[in-house]
$ cat query_15.cif   # mmCIF, C-alpha atoms (C1' of nucleotides) and all ligand atoms
data_run
#
loop_
_atom_site.label_atom_id
_atom_site.label_comp_id
_atom_site.auth_asym_id
_atom_site.auth_seq_id
_atom_site.Cartn_x
_atom_site.Cartn_y
_atom_site.Cartn_z
CA MET A 1 5.97 -17.93 -22.37
CA THR A 2 7.88 -16.33 -25.22
CA ASP A 3 8.21 -18.69 -28.11
CA ALA A 4 4.69 -18.45 -29.51
CA ALA A 5 4.76 -14.70 -29.96
CA LEU A 6 8.42 -14.32 -30.74
CA HIS A 7 7.64 -13.97 -34.40
CA ILE A 8 5.24 -11.10 -33.95
CA HIS A 9 6.99 -7.90 -34.88
CA PRO A 10 5.83 -4.41 -35.62
CA THR A 11 4.25 -4.30 -39.04
CA GLY A 12 6.29 -4.67 -42.13
CA HIS A 13 9.80 -4.35 -40.98
CA ASP A 14 13.01 -6.16 -41.70
CA HIS A 15 14.01 -7.35 -38.30
CA ALA A 16 17.28 -8.78 -39.48
CA ALA A 17 18.17 -5.17 -40.22
CA CYS A 18 17.30 -4.17 -36.63
CA VAL A 19 19.64 -6.83 -35.31
CA GLY A 20 22.38 -6.06 -37.79
CA GLU A 21 22.29 -2.37 -37.02
CA ALA A 22 22.23 -2.95 -33.28
CA LEU A 23 25.25 -5.21 -33.45
CA GLU A 24 27.12 -2.81 -35.66
CA ILE A 25 26.45 0.13 -33.36
CA ALA A 26 27.53 -1.98 -30.41
CA GLU A 27 30.80 -2.89 -32.08
CA THR A 28 31.56 0.74 -32.89
CA LEU A 29 30.61 1.94 -29.45
CA CYS A 30 32.73 -0.63 -27.66
CA VAL A 31 35.75 0.14 -29.81
CA GLU A 32 35.35 3.84 -29.04
CA ARG A 33 35.15 3.12 -25.33
CA GLY A 34 37.84 0.49 -25.19
CA ALA A 35 35.25 -2.00 -23.98
CA ARG A 36 35.46 -5.62 -25.05
CA LEU A 37 32.45 -6.92 -26.92
CA THR A 38 33.49 -10.55 -26.61
CA PRO A 39 31.83 -13.31 -28.66
CA LEU A 40 29.73 -14.29 -25.65
CA ARG A 41 28.54 -10.75 -25.02
CA ARG A 42 27.86 -10.27 -28.69
CA ARG A 43 25.86 -13.48 -28.80
CA VAL A 44 23.81 -12.45 -25.75
CA LEU A 45 23.12 -9.07 -27.31
CA GLU A 46 22.00 -10.83 -30.47
CA LEU A 47 19.64 -13.04 -28.47
CA VAL A 48 18.19 -10.05 -26.60
CA TRP A 49 17.50 -8.58 -30.01
CA SER A 50 15.78 -11.74 -31.24
CA SER A 51 12.53 -9.80 -31.07
CA HIS A 52 11.07 -6.55 -29.82
CA ARG A 53 9.77 -8.35 -26.77
CA PRO A 54 11.77 -8.33 -23.56
CA VAL A 55 13.69 -11.57 -23.11
CA GLY A 56 14.28 -13.32 -19.80
CA ALA A 57 17.76 -14.22 -18.63
CA TYR A 58 16.88 -17.89 -18.59
CA ASP A 59 15.48 -17.73 -22.12
CA ILE A 60 18.87 -16.48 -23.20
CA LEU A 61 20.51 -19.19 -21.16
CA GLY A 62 18.40 -21.82 -22.85
CA ARG A 63 19.26 -20.62 -26.32
CA LEU A 64 22.96 -20.37 -25.57
CA ASP A 65 22.61 -23.97 -24.57
CA GLU A 66 21.87 -24.96 -28.14
CA SER A 67 25.38 -23.98 -29.10
CA ALA A 68 27.37 -26.94 -27.78
CA ARG A 69 28.46 -25.70 -24.34
CA LYS A 70 26.09 -25.18 -21.46
CA PRO A 71 26.78 -21.90 -19.69
CA ALA A 72 25.60 -21.30 -16.14
CA PRO A 73 23.35 -18.44 -14.99
CA PRO A 74 26.19 -16.16 -13.82
CA THR A 75 27.59 -16.18 -17.34
CA VAL A 76 24.41 -14.69 -18.75
CA TYR A 77 23.92 -12.22 -15.94
CA ARG A 78 27.49 -10.97 -16.28
CA ALA A 79 27.04 -10.46 -19.99
CA LEU A 80 23.77 -8.63 -19.37
CA ASP A 81 25.42 -6.46 -16.72
CA PHE A 82 28.07 -5.47 -19.23
CA LEU A 83 25.50 -4.68 -21.91
CA ILE A 84 23.36 -2.67 -19.51
CA GLU A 85 26.37 -0.73 -18.23
CA HIS A 86 27.10 0.32 -21.78
CA GLY A 87 23.48 1.23 -22.51
CA LEU A 88 23.12 -1.51 -25.11
CA VAL A 89 20.37 -3.24 -23.20
CA HIS A 90 17.64 -2.06 -20.85
CA ARG A 91 16.13 -4.01 -18.02
CA ILE A 92 12.32 -3.96 -17.90
CA GLU A 93 11.73 -4.00 -14.17
CA SER A 94 8.08 -4.95 -14.26
CA MET A 95 8.88 -8.04 -16.31
CA ASN A 96 12.28 -9.12 -15.01
CA ALA A 97 13.38 -9.15 -18.61
CA TYR A 98 15.74 -7.42 -20.99
CA LEU A 99 15.34 -5.38 -24.15
CA GLY A 100 17.82 -4.14 -26.72
CA CYS A 101 18.29 -0.37 -26.97
CA ASN A 102 18.29 1.15 -30.43
CA HIS A 103 20.13 4.36 -29.59
CA PRO A 104 22.77 3.47 -27.02
CA GLU A 105 25.15 6.26 -28.03
CA GLN A 106 24.40 8.26 -24.92
CA SER A 107 23.69 6.40 -21.75
CA HIS A 108 20.14 6.87 -20.59
CA THR A 109 17.18 5.29 -18.90
CA GLY A 110 14.30 5.33 -21.31
CA GLN A 111 10.56 5.11 -20.89
CA PHE A 112 8.92 1.95 -22.12
CA LEU A 113 5.59 1.23 -23.78
CA ILE A 114 4.61 -2.38 -23.18
CA CYS A 115 1.79 -3.80 -25.27
CA ARG A 116 -0.23 -6.23 -23.20
CA GLU A 117 -1.62 -7.79 -26.34
CA CYS A 118 1.39 -8.55 -28.52
CA GLY A 119 4.10 -8.09 -25.90
CA ASN A 120 6.18 -5.75 -28.01
CA VAL A 121 7.94 -2.95 -26.20
CA THR A 122 8.99 0.36 -27.69
CA GLU A 123 11.16 2.96 -26.07
CA MET A 124 10.16 6.61 -25.77
CA ASP A 125 13.22 8.31 -24.30
CA ASP A 126 11.35 11.60 -24.10
CA ASP A 127 13.23 14.41 -22.45
CA ASP A 128 10.07 16.30 -21.47
CA VAL A 129 8.99 13.30 -19.46
CA ARG A 130 12.39 13.02 -17.84
CA GLN A 131 12.46 16.70 -16.91
CA THR A 132 8.87 16.68 -15.66
CA LEU A 133 9.64 13.79 -13.35
CA ARG A 134 12.85 15.38 -12.11
CA ARG A 135 11.03 18.63 -11.40
CA LYS A 136 8.02 17.05 -9.71
CA ALA A 137 10.32 15.04 -7.49
CA ALA A 138 12.46 18.10 -6.72
CA GLU A 139 9.33 19.99 -5.64
CA ARG A 140 9.05 17.36 -2.92
CA GLY A 141 12.68 17.73 -1.92
CA PHE A 142 13.69 14.54 -3.70
CA ASP A 143 16.79 14.41 -5.88
CA ALA A 144 16.04 11.80 -8.53
CA ARG A 145 19.07 10.07 -9.96
CA SER A 146 17.48 7.34 -12.03
CA GLN A 147 14.02 6.77 -13.41
CA THR A 148 11.99 3.68 -14.15
CA VAL A 149 8.99 4.40 -16.38
CA GLU A 150 7.01 1.52 -17.83
CA LEU A 151 3.54 1.89 -19.31
CA VAL A 152 1.34 -1.07 -20.08
CA GLY A 153 -1.43 -0.75 -22.64
CA LEU A 154 -2.21 -1.29 -26.29
CA CYS A 155 0.12 -0.46 -29.15
CA ALA A 156 -1.15 1.16 -32.33
CA ASN A 157 -1.35 -2.12 -34.20
CA CYS A 158 -3.19 -4.02 -31.53
CA LYS A 159 -5.67 -1.17 -31.12
CA ALA A 160 -6.43 -1.35 -34.83
CA GLY A 161 -6.72 -5.12 -34.96
CA MET B 162 -0.73 9.83 7.78
CA THR B 163 -1.19 13.49 7.01
CA ASP B 164 0.09 15.21 3.92
CA ALA B 165 2.62 17.18 5.96
CA ALA B 166 3.89 14.05 7.63
CA LEU B 167 4.60 12.57 4.23
CA HIS B 168 7.46 14.95 3.76
CA ILE B 169 9.21 14.46 7.06
CA HIS B 170 11.71 11.78 7.76
CA PRO B 171 9.95 8.69 9.06
CA THR B 172 12.27 8.52 12.04
CA GLY B 173 10.80 10.83 14.61
CA HIS B 174 7.17 10.59 13.66
CA ASP B 175 4.35 8.73 15.27
CA HIS B 176 4.31 5.72 13.07
CA ALA B 177 1.75 3.90 15.14
CA ALA B 178 -0.63 6.60 13.97
CA CYS B 179 0.24 5.84 10.33
CA VAL B 180 -0.55 2.17 10.85
CA GLY B 181 -3.68 2.84 12.81
CA GLU B 182 -5.02 5.22 10.23
CA ALA B 183 -4.19 2.87 7.38
CA LEU B 184 -5.99 -0.02 9.04
CA GLU B 185 -8.99 2.09 9.84
CA ILE B 186 -9.29 3.34 6.28
CA ALA B 187 -8.93 -0.21 5.03
CA GLU B 188 -11.74 -1.43 7.29
CA THR B 189 -14.06 1.33 6.14
CA LEU B 190 -13.20 0.82 2.51
CA CYS B 191 -13.75 -2.91 2.59
CA VAL B 192 -17.09 -2.53 4.33
CA GLU B 193 -18.19 -0.04 1.66
CA ARG B 194 -17.17 -2.40 -1.08
CA GLY B 195 -18.43 -5.58 0.48
CA ALA B 196 -14.90 -6.94 0.50
CA ARG B 197 -13.70 -9.13 3.33
CA LEU B 198 -10.73 -7.81 5.27
CA THR B 199 -10.09 -11.08 7.04
CA PRO B 200 -7.74 -11.35 10.02
CA LEU B 201 -5.01 -12.71 7.79
CA ARG B 202 -5.34 -9.91 5.25
CA ARG B 203 -5.48 -7.36 8.01
CA ARG B 204 -2.36 -8.79 9.58
CA VAL B 205 -0.50 -8.74 6.25
CA LEU B 206 -1.55 -5.13 5.70
CA GLU B 207 -0.26 -4.30 9.16
CA LEU B 208 3.07 -5.95 8.38
CA VAL B 209 3.37 -4.09 5.07
CA TRP B 210 2.88 -0.93 7.07
CA SER B 211 5.56 -1.86 9.58
CA SER B 212 7.71 0.88 8.05
CA HIS B 213 7.82 3.26 5.10
CA ARG B 214 10.17 0.93 3.33
CA PRO B 215 8.84 -1.63 0.86
CA VAL B 216 8.57 -5.08 2.43
CA GLY B 217 9.28 -8.33 0.63
CA ALA B 218 6.70 -11.10 0.51
CA TYR B 219 9.05 -13.45 2.31
CA ASP B 220 9.71 -10.89 5.04
CA ILE B 221 6.00 -10.88 5.67
CA LEU B 222 5.97 -14.64 5.58
CA GLY B 223 8.73 -14.77 8.18
CA ARG B 224 6.91 -12.45 10.54
CA LEU B 225 3.62 -14.25 10.19
CA ASP B 226 5.58 -17.29 11.24
CA GLU B 227 6.15 -15.79 14.68
CA SER B 228 2.46 -16.04 15.32
CA ALA B 229 2.09 -19.75 16.07
CA ARG B 230 1.22 -21.27 12.70
CA LYS B 231 3.48 -21.24 9.69
CA PRO B 232 1.77 -20.10 6.49
CA ALA B 233 3.10 -20.99 3.05
CA PRO B 234 4.06 -18.53 0.29
CA PRO B 235 0.72 -18.67 -1.56
CA THR B 236 -1.04 -17.50 1.57
CA VAL B 237 0.96 -14.28 1.62
CA TYR B 238 0.76 -13.72 -2.12
CA ARG B 239 -3.02 -14.17 -2.10
CA ALA B 240 -3.37 -11.68 0.71
CA LEU B 241 -1.12 -9.23 -1.14
CA ASP B 242 -3.15 -9.73 -4.32
CA PHE B 243 -6.31 -8.83 -2.45
CA LEU B 244 -4.74 -5.74 -0.89
CA ILE B 245 -3.31 -4.59 -4.22
CA GLU B 246 -6.64 -5.13 -5.99
CA HIS B 247 -8.26 -2.82 -3.48
CA GLY B 248 -5.51 -0.20 -3.75
CA LEU B 249 -4.43 -0.71 -0.15
CA VAL B 250 -0.95 -1.80 -1.16
CA HIS B 251 1.32 -0.97 -4.06
CA ARG B 252 3.93 -3.22 -5.57
CA ILE B 253 7.31 -1.61 -6.15
CA GLU B 254 8.38 -3.34 -9.33
CA SER B 255 12.04 -2.42 -9.20
CA MET B 256 12.36 -3.94 -5.74
CA ASN B 257 9.98 -6.90 -5.85
CA ALA B 258 8.48 -5.50 -2.68
CA TYR B 259 5.28 -4.01 -1.32
CA LEU B 260 4.32 -0.69 0.21
CA GLY B 261 1.21 0.50 1.98
CA CYS B 262 -0.83 3.18 0.25
CA ASN B 263 -1.95 6.10 2.35
CA HIS B 264 -4.86 7.23 0.17
CA PRO B 265 -6.49 4.11 -1.22
CA GLU B 266 -9.93 5.67 -1.56
CA GLN B 267 -9.65 5.87 -5.31
CA SER B 268 -7.79 3.15 -7.07
CA HIS B 269 -4.65 4.41 -8.70
CA THR B 270 -1.10 3.62 -9.63
CA GLY B 271 1.11 6.16 -7.98
CA GLN B 272 4.62 7.38 -8.66
CA PHE B 273 7.25 6.41 -6.16
CA LEU B 274 10.32 8.19 -4.81
CA ILE B 275 12.79 5.64 -3.50
CA CYS B 276 15.64 6.91 -1.34
CA ARG B 277 18.75 4.88 -2.02
CA GLU B 278 20.22 6.01 1.28
CA CYS B 279 17.53 5.34 3.89
CA GLY B 280 15.29 3.09 1.78
CA ASN B 281 12.13 5.02 2.56
CA VAL B 282 9.64 5.37 -0.25
CA THR B 283 7.08 8.14 -0.65
CA GLU B 284 4.26 8.27 -3.13
CA MET B 285 3.67 11.21 -5.44
CA ASP B 286 0.40 10.39 -7.19
CA ASP B 287 0.74 13.52 -9.32
CA ASP B 288 -1.92 13.92 -11.97
CA ASP B 289 0.25 16.13 -14.20
CA VAL B 290 2.74 13.31 -14.40
CA ARG B 291 0.02 10.82 -15.17
CA GLN B 292 -1.47 12.99 -17.89
CA THR B 293 1.91 13.83 -19.40
CA LEU B 294 2.74 10.16 -19.69
CA ARG B 295 -0.65 9.31 -21.16
CA ARG B 296 -0.31 12.10 -23.73
CA LYS B 297 3.26 11.30 -24.70
CA ALA B 298 2.34 7.67 -25.18
CA ALA B 299 -0.78 8.61 -27.17
CA GLU B 300 1.37 10.74 -29.49
CA ARG B 301 3.07 7.49 -30.42
CA GLY B 302 -0.22 5.69 -30.95
CA PHE B 303 0.00 3.87 -27.63
CA ASP B 304 -3.00 3.63 -25.32
CA ALA B 305 -1.54 3.46 -21.82
CA ARG B 306 -3.72 1.65 -19.29
CA SER B 307 -1.39 1.42 -16.33
CA GLN B 308 1.79 3.18 -15.35
CA THR B 309 4.84 2.17 -13.37
CA VAL B 310 6.92 5.15 -12.26
CA GLU B 311 9.72 4.64 -9.77
CA LEU B 312 12.48 7.18 -9.17
CA VAL B 313 15.60 6.33 -7.21
CA GLY B 314 17.59 9.11 -5.57
CA LEU B 315 18.02 10.99 -2.33
CA CYS B 316 15.20 12.14 -0.10
CA ALA B 317 15.24 15.55 1.51
CA ASN B 318 16.56 14.28 4.82
CA CYS B 319 19.34 12.20 3.37
CA LYS B 320 20.43 15.10 1.18
CA ALA B 321 20.71 17.29 4.27
CA GLY B 322 22.88 14.68 5.93
"C1'" DT C 323 58.80 -15.56 -18.67
"C1'" DA C 324 56.28 -13.51 -15.25
"C1'" DT C 325 52.58 -10.80 -13.48
"C1'" DG C 326 48.22 -8.69 -13.04
"C1'" DG C 327 43.67 -7.72 -14.79
"C1'" DC C 328 39.76 -9.23 -16.94
"C1'" DC C 329 36.68 -12.83 -18.78
"C1'" DT C 330 34.55 -17.27 -18.32
"C1'" DG C 331 33.44 -21.99 -16.11
"C1'" DA C 332 31.26 -24.26 -12.52
"C1'" DT C 333 28.91 -25.34 -8.14
"C1'" DA C 334 25.92 -24.17 -4.92
"C1'" DC C 335 22.61 -21.49 -2.97
"C1'" DA C 336 19.31 -17.48 -2.06
"C1'" DG C 337 15.19 -14.96 -3.26
"C1'" DT C 338 10.71 -14.53 -5.62
"C1'" DG C 339 6.47 -16.38 -7.39
"C1'" DT C 340 2.93 -20.11 -9.01
"C1'" DA C 341 0.29 -24.55 -10.01
"C1'" DT C 342 -2.44 -27.67 -7.86
"C1'" DC C 343 -5.11 -30.13 -4.85
"C1'" DA C 344 -7.29 -30.37 -0.36
"C1'" DT C 345 -9.77 -28.45 3.50
"C1'" DA C 346 -12.42 -25.01 5.97
"C1'" DC C 347 -15.31 -21.33 6.34
"C1'" DT C 348 -19.36 -18.14 4.90
"C1'" DA C 349 -23.65 -16.93 2.98
"C1'" DC C 350 -27.71 -18.12 1.27
"C1'" DA C 351 -31.61 -20.98 -0.18
"C1'" DT C 352 -34.16 -24.81 0.67
"C1'" DA D 353 -31.17 -27.51 10.28
"C1'" DT D 354 -29.36 -29.06 5.95
"C1'" DG D 355 -27.48 -28.67 1.62
"C1'" DT D 356 -25.01 -26.01 -1.72
"C1'" DA D 357 -22.16 -22.67 -4.07
"C1'" DG D 358 -18.64 -19.52 -3.56
"C1'" DT D 359 -14.78 -17.84 -1.21
"C1'" DA D 360 -10.68 -18.20 1.84
"C1'" DT D 361 -6.91 -20.71 3.61
"C1'" DG D 362 -3.63 -24.87 4.24
"C1'" DA D 363 -0.13 -27.48 2.24
"C1'" DT D 364 3.12 -29.56 -1.10
"C1'" DA D 365 5.79 -29.14 -4.74
"C1'" DC D 366 7.80 -26.77 -8.21
"C1'" DA D 367 9.32 -22.90 -11.54
"C1'" DC D 368 11.55 -18.70 -12.28
"C1'" DT D 369 15.06 -15.13 -11.16
"C1'" DG D 370 19.39 -13.81 -9.31
"C1'" DT D 371 23.97 -14.13 -6.50
"C1'" DA D 372 28.22 -15.75 -3.75
"C1'" DT D 373 32.31 -17.97 -4.36
"C1'" DC D 374 36.11 -20.29 -6.01
"C1'" DA D 375 38.77 -21.96 -9.96
"C1'" DG D 376 40.77 -21.75 -14.45
"C1'" DG D 377 41.86 -19.35 -18.85
"C1'" DC D 378 43.14 -15.50 -21.83
"C1'" DC D 379 45.76 -11.43 -22.93
"C1'" DA D 380 48.58 -7.35 -22.47
"C1'" DT D 381 52.47 -5.44 -20.58
"C1'" DA D 382 56.86 -5.36 -17.95
ZN ZN A 401 12.93 -5.28 -35.49
ZN ZN A 402 0.64 -4.74 -29.54
ZN ZN A 403 4.76 6.32 9.47
ZN ZN A 404 16.43 8.97 2.64
#

$ encode --input "query_15.cif" --output "structure tokens"
Amino acid sequence: MTDAALHIHPTGHDHAACVGEALEIAETLCVERGARLTPLRRRVLELVWSSHRPVGAYDILGRLDESARKPAPPTVYRALDFLIEHGLVHRIESMNAYLGCNHPEQSHTGQFLICRECGNVTEMDDDDVRQTLRRKAAERGFDARSQTVELVGLCANCKAG
Amino acid sequence: MTDAALHIHPTGHDHAACVGEALEIAETLCVERGARLTPLRRRVLELVWSSHRPVGAYDILGRLDESARKPAPPTVYRALDFLIEHGLVHRIESMNAYLGCNHPEQSHTGQFLICRECGNVTEMDDDDVRQTLRRKAAERGFDARSQTVELVGLCANCKAG
DNA sequence: TATGGCCTGATACAGTGTATCATACTACAT
DNA sequence: ATGTAGTATGATACACTGTATCAGGCCATA
């Protein structure tokens, strides 16, 4: 499902830089927090960042496979759990897949724009949206603690093309 | 189910009335649209409405089982697809489960308030929220066609104790 | 060295969803 | 009534996603 479109990225950008920056931020963050970004976790994070499309746990598993040893599913899920806990990765609920976060400094649950054409996902993380949802829920007596917001549609590039 | 009833705790309300009303609306709607609410689809809808908690496809499958024959998974998924297409049922993405809609007259994707304590889910269907999300996405060049909004927290009753 | 906590390996299984082919039913036209 | 096309369901097998559990390994500290 993924491989064909894995190479499609937002226009004119150096994706190696995205990955490099993400890994660097992750290193820094984990040092600050005394968390251990082990080689396995780092490798999984790298694979999640292989594109701007959400990646399935079993895709990651398959690609870890290429590197000599053959890990089992729990290995990947544990690494993902760690990365999610530290805000380095988001889970896209409507796709059962995982996406790297580009501003993990403060833990958050973002809002996601999923292009149905190219499959790329961008994160909004808009505080107005968050507050609006909190308020609207509160008006109904509901105390919202976490939010899942995922919009499917057409990204700017796919609209143009 | 009336608007007022939406905001009371599902224990201590006449749930049979919820189910009855939902089925009646479904019948009417399907007649209007020339869609066929077959016995199987009607039964699945009834099972989805067995509570105000989202129901898994395999839960439904298990309860259909009680009634003599033993359907296979595709049977349930096809029925759910039909019901979702006609707005009679929503899928709760973050739970891989399904919830009856109490105002299916106009097709829509609602916003859901999921109580982590009692598991009940209520639907907001707030147009401000919908418009805010559309606008915020549009500001980023994204044309949103469908929205998934699911908030987890505490409902009014579970807050009270 | 010993101990305890955390990370990973490994097996098995549970839960969710789909592809595919076959059969049965319905509606409609002949 | 008969045939035909379209829809609905039955049935098998499989793919995808996630977890429970136990065992072994690594590392820091006492
Ligand atoms: Zn990139
Ligand atoms: Zn796109
Ligand atoms: Zn009810
Ligand atoms: Zn509650």

$ closest_atom_pairs --input "query_15.cif" --of "chain B" --to "chain A" --cutoff "6 Å" --atoms "all atoms listed in the file" --output "JSON lines"
{"residue": "B:Glu254", "atom": "CA", "partner": "A:Ser94", "partner_atom": "CA", "distance": 5.2}
{"residue": "B:Ser255", "atom": "CA", "partner": "A:Glu93", "partner_atom": "CA", "distance": 5.2}
{"residue": "B:Gly302", "atom": "CA", "partner": "A:Ala156", "partner_atom": "CA", "distance": 4.8}
{"residue": "B:Phe303", "atom": "CA", "partner": "A:Cys155", "partner_atom": "CA", "distance": 4.6}
{"residue": "B:Asp304", "atom": "CA", "partner": "A:Leu154", "partner_atom": "CA", "distance": 5.1}
{"residue": "B:Ala305", "atom": "CA", "partner": "A:Gly153", "partner_atom": "CA", "distance": 4.3}
{"residue": "B:Arg306", "atom": "CA", "partner": "A:Gly153", "partner_atom": "CA", "distance": 4.7}
{"residue": "B:Ser307", "atom": "CA", "partner": "A:Val152", "partner_atom": "CA", "distance": 5.3}
{"residue": "B:Gln308", "atom": "CA", "partner": "A:Leu151", "partner_atom": "CA", "distance": 4.5}
{"residue": "B:Thr309", "atom": "CA", "partner": "A:Glu150", "partner_atom": "CA", "distance": 5.0}
{"residue": "B:Val310", "atom": "CA", "partner": "A:Val149", "partner_atom": "CA", "distance": 4.7}
{"residue": "B:Glu311", "atom": "CA", "partner": "A:Thr148", "partner_atom": "CA", "distance": 5.0}
{"residue": "B:Leu312", "atom": "CA", "partner": "A:Gln147", "partner_atom": "CA", "distance": 4.5}
{"residue": "B:Val313", "atom": "CA", "partner": "A:Ser146", "partner_atom": "CA", "distance": 5.3}
{"residue": "B:Gly314", "atom": "CA", "partner": "A:Ala144", "partner_atom": "CA", "distance": 4.3}
{"residue": "B:Leu315", "atom": "CA", "partner": "A:Asp143", "partner_atom": "CA", "distance": 5.1}
{"residue": "B:Cys316", "atom": "CA", "partner": "A:Phe142", "partner_atom": "CA", "distance": 4.6}
{"residue": "B:Ala317", "atom": "CA", "partner": "A:Gly141", "partner_atom": "CA", "distance": 4.8}

$ interface_residues --input "query_15.cif" --of "chain D" --to "chain B" --cutoff "10 Å" --atoms "all atoms listed in the file" --output "list of chain:residue names"
D:DT359, D:DA360, D:DT361, D:DG362, D:DA363, D:DT364

$ write_last_selection --input "query_15.cif" --atoms "C-alpha atoms (C1' of nucleotides)" --output "CSV table (one decimal), in the coordinates of the input"
chain,number,residue,atom,x,y,z
D,359,DT,C1',-14.8,-17.8,-1.2
D,360,DA,C1',-10.7,-18.2,1.8
D,361,DT,C1',-6.9,-20.7,3.6
D,362,DG,C1',-3.6,-24.9,4.2
D,363,DA,C1',-0.1,-27.5,2.2
D,364,DT,C1',3.1,-29.6,-1.1

$ atom_distance --input "query_15.cif" --atom1 "atom C1' of C:DA324" --atom2 "atom C1' of D:DC378"
14.8 Å

$ calpha_fit_rmsd --input "query_15.cif" --fixed "chain A" --moving "chain B"
4.7 Å

$ residues_near_ligand --input "query_15.cif" --ligand "ligand ZN 401 (chain A)" --cutoff "10 Å" --atoms "only C-alpha atoms (C1' of nucleotides) and all ligand atoms" --output "number ranges by chain"
A: 8-22, 49-53, 102

$ interface_residues --input "query_15.cif" --of "chain B" --to "chain C" --cutoff "10 Å" --atoms "all atoms listed in the file" --output "PyMOL selection string"
chain B and resi 217-219+234-235+238+257-258

$ atom_distance --input "query_15.cif" --atom1 "atom CA of B:Gly271" --atom2 "atom CA of B:Arg202"
21.8 Å

$ atom_distance --input "query_15.cif" --atom1 "atom CA of B:His251" --atom2 "atom CA of B:Leu190"
16.0 Å

$ closest_residue --input "query_15.cif" --among "B:Gly280, B:Gly195, B:Gly322, B:Pro200" --to "ligand ZN 404 (chain A)" --atoms "all atoms listed in the file"
B:Gly280

$ residues_near_point --input "query_15.cif" --point "(26.4, -16.6, -28.1)" --cutoff "12 Å" --atoms "all atoms listed in the file" --output "PyMOL selection string"
chain A and resi 37-48+60-71+75-76+79

$ residues_around --input "query_15.cif" --residues "B:Cys191" --least-positions-apart "3" --cutoff "12 Å" --atoms "all atoms listed in the file" --output "JSON, numbers by chain"
{"B": [184, 185, 186, 187, 188, 194, 195, 196, 197, 198, 199, 202, 203, 243, 244, 246, 247, 248, 249, 265, 266]}
